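A quick write-up on the structure given underneath.
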Amino acid sequence: MGVTILTQFPTENRTGPHTIDVLSKRIMALGALQQGQFLVDCETYTSVPQLGPQRTVHVLHNSEQPATVFSLLETGTKTIPLATDGLFDLLMMKMSSFYTSKKQTKAESKGPRYEIGDFCVKLGTVTVSSNFKGILVEVEYRPCVVPAMCWDLLKEFLQGFLGLSGPTNPPAYLQNRMQEIYSPIDTIHQYLEHFTIFRKSPGIGMRA
Amino acid sequence: MERDLEQLNSALNSIKTLRSNVRRVFESVSNGLRADHGDEGKENKYILELQELLTTVNNDLRDVENSVANLTPPPGAFSLGSTTSLSQETTHERQALYGQLVNSYKWTDKIHEYSALAGNILSTNSFNKTYKTFSTTKRRKTQTSNHNVPSDVIENLITSINKLFPDVTITTNRPFVPNPVIQASLGRVLKASIAFKGLMIEWVVVKAHAESNDLWTESRYKVFKKVTENCHAAMCHFHSPMMPDLAVRSFMHWFHSYNILFSAPCKRCGNHLHNNLPPTWRDLRTLEPYHEECK
Amino acid sequence: MVQIYARKKALAGAANVLLAGAEKLKTSQNEAVRNRTTLDFHIELLRLRQNWRLKKVSNTIIGDLSYRTAGSKYLQTGTFEVTKAEDDEKASSPPSSPLPSGPTPAKQNSALRVSIPSELQGVAYIEVLCQKDHEDLCSVNINLLGSGPPPPPTQTCIGSKKLEAAQNVLFCKELFNQLAKEAVQLQAPIPHMVVGNQIMATVLPGIQLIIGLCHSTTADKKQQHPSPSKSEHDHVLEHSLHQLLREVHHKNTHHPFPHPATGPLGPSKKRMFAGPMAADRYELLEMTKTDTLLEQIVKQAQHFIMRMRTEYVLDTIAKEVKDPLISSHWNTLNSPTQSCVKINISTHGYDAVCRTPLVIHVGEKSLKCICRDGKVMNMSYEPQELRDLIFCHINQHQILAVQALAKTMGWQALGNSNHLGDDSTGTVEPLGNASSCLMSSPTGDRIIAVRCEPHTGIQVSVAHSPRTDFFPSRLVTERKWEHLGGQFRDVRLDKMEGRNFLHKMELLMASLTSNS
């Protein structure tokens, strides 16, 4: 439930697995323990033309909240977030005649998950339709729920672990939500933003 | 009073500067032309010098007027009591008495001042060795028990604490009437369940807001586990059998300093994190944040 | 004559009428008496019906005393039969009644006869023993009959007591059955043993928890129970076992309603909210964790023993150590597996000078001690560790108190150490730590050294500099060298005046100050 900062880590001519390796060595050296793997995936559905102006539904799963399906409906003017239980997937299947998915846009970020103190660190390899796109580092500070209160603390942690490539400002999405209570859907928003960027960017060309 | 004195001082100072500058004018006038005025245009130079001095005098005069205008005239005549008749004394040997009187007055005044200061200092370093007083002369103060107190006393204490801090909200439930269990939530940072026995804090557990209110399960987060331990230490520290309500109040005051648990860096090392924990210790007197290892 | 005869006949006729009437009345009265017994039967049946589940199956009345309707899933049935007690049966009522008193005399005037299956007859109780090397630490007899709620007012019904006893037997059997099943299934580091009617679980090293099912069908067996004197009735453990199974029963009957109505039945309300509220892995994992009855009772027994040990250690120390007073306050609010004790170390007459508070959390297998400065010490289940810790704090208290006292006396504390025991500062203590401090008089001409050891107690030494007498020797030729500090000489504290250590020190400091 804590505040999560998602940041992209530059690969700098290294392969994806190699970068993950470097980062995981660093975090292990800090005393973290690996606690399994994680996976965040995103599938995008678009409405059929009969429904009027085009709307997009992003359906995301986060292994951190295994019982939940997150969805973001973009109507063009606003974004409606929704957190539901697992049955939502079945509902989307029923609605396949109204919302069609573009299979080649399925994005996911997966990799090892570490716990260090109250922090949870995830090193994700991002693939869009199984093309390697980059590295996303997620750091969650779980006891705190207001981003403004723990941003300095998180920045210190991120810089201690990512060095100079750590972020100096809060993610754009969070910047005008710093005083609000953070919820898991905010993490999903951050992921979606990054996925959208990755989808538009040309693939690095390496298979993950 | 303090301000009045300051103004009086500045007025006196400006008068002093005025007098010294006027003196310089007269000096210059009395000296007339001097060798250092040189040969050519000595009259002009002399006149310029005089002019300059006069402008300063003018300025100083304005200063004096200003500062005098600021002064508040003393309200009426000082009542000196029967000492006024001393001034009407005609016998020669008794005329010196007034001076002596003023001196002794000053002396007692100083004694007053010093004894107040000494009293302050001594009260912090008490020489009392026990809380028990064996003196029978004083009316015996009713011994307050902190275990067994009427419920309205506790109720009052809790409501007063609730009013004391705007960002601490307290909800009470009382499984047993004189021993309430309160939930104190501190802003959006944390919440604590505190169990009382009368006016004595018996048990504290600190958790995140999303966690259950159960009194016996500890938080899943390391930082709150540590804060819980520190709360127990503070509970020990502030416990005072003589002033139970003060103990609770100072504990809550100390507890309130956790409202910046995540945002304040350590006072000693200046960092936020040490051992992946924010500064979890609060100094018991100054309430400053420290890491466990830095305190 | 004829008249007389006729009168006699008429009288005889009238008498006959009266006799016939009397006879009729008698029979009707007899009838009424008989009617009343049947009426009693119905009323009693009604009363029985108010407290027990009864139903009529063909010609017999069958009752059910099992806890099935309360949520029990135990397979054994608890049916009993209710019949009308006939007079002859009453007379030959078999003396097989399990209870030595109670129902037997009551039975004589009851119209009901309750027959219970033989396996539910008798008295059963669950015996809980904490055993240490075959020596009872405590034993708890859980006899639900004795500890159950007070009987309802309609208890006059004779069947009720018998039925309650049978229900108790059934409950004990279910409880024991459940515990035995769990004992076999659980993978404990030291496996639990189930032998006959006993379950043995190791609570702490050397201490076993023995849960036994005692089921006796004859009255005199009760007296055979070993040493009732030893069995300290512990209400916490007794209550717990009782409660745990009831809780299971309650959970079995109280399912949250599925929402939406077509949803699956079973998951808790919390689990159903987990999806939309985006519960994380940890929370979901926590929801699946449930402790079995045996685990819970083992934990409670562990805590029970830990608490007892802690109490014992604190009480013995408070008895042994007279000088700093040790008072302990046990919290009023406790959980079955957690309790907390506050310890205050202070000296009589000097309570405002120095006070050493400690908090000790007693858990299931460990102790945690928190000092006022935020230091946390974790200890194992061994009571010796706690003893050492308290002694260490007593020493620290004495040293701190003497320094606080010195401050009020105008003396200066030069230095102190709470953890002596290396080569340079004396021998290593077998238990705990020695602590010491140095203090100098206001003019600096006298120094007092104090050393506290758990074993030998407190040593106080005094040094004078310069010494009052000076004799020039070849090595020390001038008096000024005496300012460097002289030799320490021991003070015999036991010969000194004073109520306690601090009082003695106060007198010592006062006497040394006034000399200078």
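A note on labels: chains of the structure tokens are A, B, ... as shown, every chain counts residues from 1, and ligands are counted from 1 in their shown order.
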Exercise for review: Residues of chain A no more than 8 Å from chain B, counting only C-alpha atoms: send them over as a list in words.
Suggested key: Ile116, Gly117, Asp118, Phe119, Arg142, Pro143, Cys144, Val145, Val146, Met149, Cys150, Trp151, Asp152, Leu153, Glu156 and Phe157 of chain A
Exercise for review: Find the residues of chain B in contact range of chain C, meaning any atom within 9 Å when counting only C-alpha atoms, and list them as a count of residues only.
Suggested key: 30
Check your understanding: So how far away is atom CA of A:Pro81 from atom CA of A:His189, in Å?
Key ->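 Taking atom CA of A:His189 as the start and atom CA of A:Pro81 as the end point, the length is 8.7 Å.
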Exercise for review: Give as a ChimeraX atom specification every residue of chain C that touches chain A within 6 Å, counting only C-alpha atoms.
Suggested key: /C:275-276,278-281
Restricted to N, CA and C atoms, what would the selected residues look like written as an mmCIF file, in the first residue's frame?
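selection02.cif written:
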data_model
loop_
_atom_site.group_PDB
_atom_site.id
_atom_site.type_symbol
_atom_site.label_atom_id
_atom_site.label_comp_id
_atom_site.auth_asym_id
_atom_site.auth_seq_id
_atom_site.Cartn_x
_atom_site.Cartn_y
_atom_site.Cartn_z
ATOM 1 N N GLY C 275 -10.113 -8.051 -3.619
ATOM 2 C CA GLY C 275 -9.939 -7.683 -5.017
ATOM 3 C C GLY C 275 -10.126 -6.199 -5.248
ATOM 4 N N PRO C 276 -11.314 -5.693 -5.022
ATOM 5 C CA PRO C 276 -11.548 -4.262 -5.281
ATOM 6 C C PRO C 276 -10.705 -3.340 -4.409
ATOM 7 N N ALA C 278 -7.722 -3.909 -3.596
ATOM 8 C CA ALA C 278 -6.341 -4.129 -3.992
ATOM 9 C C ALA C 278 -5.452 -4.529 -2.820
ATOM 10 N N ALA C 279 -5.821 -5.627 -2.182
ATOM 11 C CA ALA C 279 -4.993 -6.144 -1.093
ATOM 12 C C ALA C 279 -3.709 -6.712 -1.670
ATOM 13 N N ASP C 280 -2.624 -6.560 -0.956
ATOM 14 C CA ASP C 280 -1.361 -7.054 -1.510
ATOM 15 C C ASP C 280 -1.099 -8.498 -1.072
ATOM 16 N N ARG C 281 0.018 -9.003 -1.573
ATOM 17 C CA ARG C 281 0.326 -10.420 -1.355
ATOM 18 C C ARG C 281 0.341 -10.786 0.110
#
Exercise for review: Write out as JSON, numbers by chain each polymer residue whose atoms come within 12 Å of A:Thr187, counting only C-alpha atoms; drop sequence neighbours fewer than 5 positions from it.
Suggested key: {"A": [1, 2, 3, 4, 5, 6, 7, 40, 60, 61, 62, 64, 65, 70, 81, 138, 139, 140, 147, 171, 173, 174, 182, 192, 193, 194], "C": [278]}
**Study point:** Residues within 7 Å of C:Asp64, only C-alpha atoms, excluding chain neighbours under 6 positions, as a ChimeraX atom specification
**Key:** /C:53-54,78-80
Check your understanding: Mind checking DSSP for stretch 26-260 of chain B and telling me the helix (DSSP H, G or I) residues as a ChimeraX atom specification?
Key -> /B:26-31,35-37,42-70,81-87,92-94,97-124,151-164,222-238,244-260
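The space between atom CA of B:Leu157 and atom CA of B:Ser257 spans 19.3 Å.
The spacing separating atom CA of C:Pro442 from atom CA of C:Leu414 amounts to 11.6 Å.
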Shell of 12 Å around C:His249, only C-alpha atoms, local chain residues under 4 positions omitted, as a PDB file with C-alpha atoms, in the first residue's frame:
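Writing done, so here's around_3.pdb:
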ATOM      1  CA  SER C  66     -24.897 -33.152  19.784  1.00  0.00           C
ATOM      2  CA  TYR C  67     -23.453 -29.739  18.982  1.00  0.00           C
ATOM      3  CA  ARG C  68     -24.228 -30.227  15.344  1.00  0.00           C
ATOM      4  CA  THR C  69     -26.726 -27.412  15.213  1.00  0.00           C
ATOM      5  CA  ALA C  70     -24.178 -25.149  16.872  1.00  0.00           C
ATOM      6  CA  GLY C  71     -21.688 -25.811  14.122  1.00  0.00           C
ATOM      7  CA  SER C  72     -19.956 -28.984  15.163  1.00  0.00           C
ATOM      8  CA  LYS C  73     -18.851 -31.309  12.391  1.00  0.00           C
ATOM      9  CA  TYR C  74     -18.091 -34.224  14.648  1.00  0.00           C
ATOM     10  CA  PHE C 171     -17.873 -32.250  23.604  1.00  0.00           C
ATOM     11  CA  GLU C 174     -14.861 -34.039  19.894  1.00  0.00           C
ATOM     12  CA  LEU C 175     -12.242 -31.767  21.335  1.00  0.00           C
ATOM     13  CA  HIS C 242     -13.212 -24.610  25.911  1.00  0.00           C
ATOM     14  CA  GLN C 243     -13.335 -21.463  23.870  1.00  0.00           C
ATOM     15  CA  LEU C 244     -11.257 -22.649  20.943  1.00  0.00           C
ATOM     16  CA  LEU C 245     -13.628 -25.391  19.921  1.00  0.00           C
ATOM     17  CA  THR C 253     -22.280 -21.677  11.411  1.00  0.00           C
ATOM     18  CA  HIS C 254     -21.617 -18.026  10.748  1.00  0.00           C
ATOM     19  CA  HIS C 255     -20.691 -17.655   7.136  1.00  0.00           C
TER      20      HIS C 255
END
Do you know which residues are at most 9 Å from B:Asp283 counting only C-alpha atoms, after dropping those on the same chain fewer than 5 positions away, and could you put them as a PDB file with N, CA and C atoms, in the first residue's frame?
ATOM      1  N   TRP B 254       5.461  13.958  23.328  1.00  0.00           N
ATOM      2  CA  TRP B 254       6.579  13.266  22.701  1.00  0.00           C
ATOM      3  C   TRP B 254       6.089  12.475  21.492  1.00  0.00           C
ATOM      4  N   GLU B 288      13.922  15.948  19.154  1.00  0.00           N
ATOM      5  CA  GLU B 288      14.580  15.956  17.856  1.00  0.00           C
ATOM      6  C   GLU B 288      14.729  14.540  17.323  1.00  0.00           C
ATOM      7  N   PRO B 289      14.639  14.388  15.999  1.00  0.00           N
ATOM      8  CA  PRO B 289      14.716  13.038  15.439  1.00  0.00           C
ATOM      9  C   PRO B 289      16.159  12.528  15.330  1.00  0.00           C
ATOM     10  N   TYR B 290      16.344  11.291  15.701  1.00  0.00           N
ATOM     11  CA  TYR B 290      17.641  10.640  15.569  1.00  0.00           C
ATOM     12  C   TYR B 290      17.436   9.230  15.067  1.00  0.00           C
ATOM     13  N   LYS B 295      21.668   8.201  18.226  1.00  0.00           N
ATOM     14  CA  LYS B 295      21.161   8.992  19.364  1.00  0.00           C
ATOM     15  C   LYS B 295      22.230   9.186  20.443  1.00  0.00           C
TER      16      LYS B 295
END
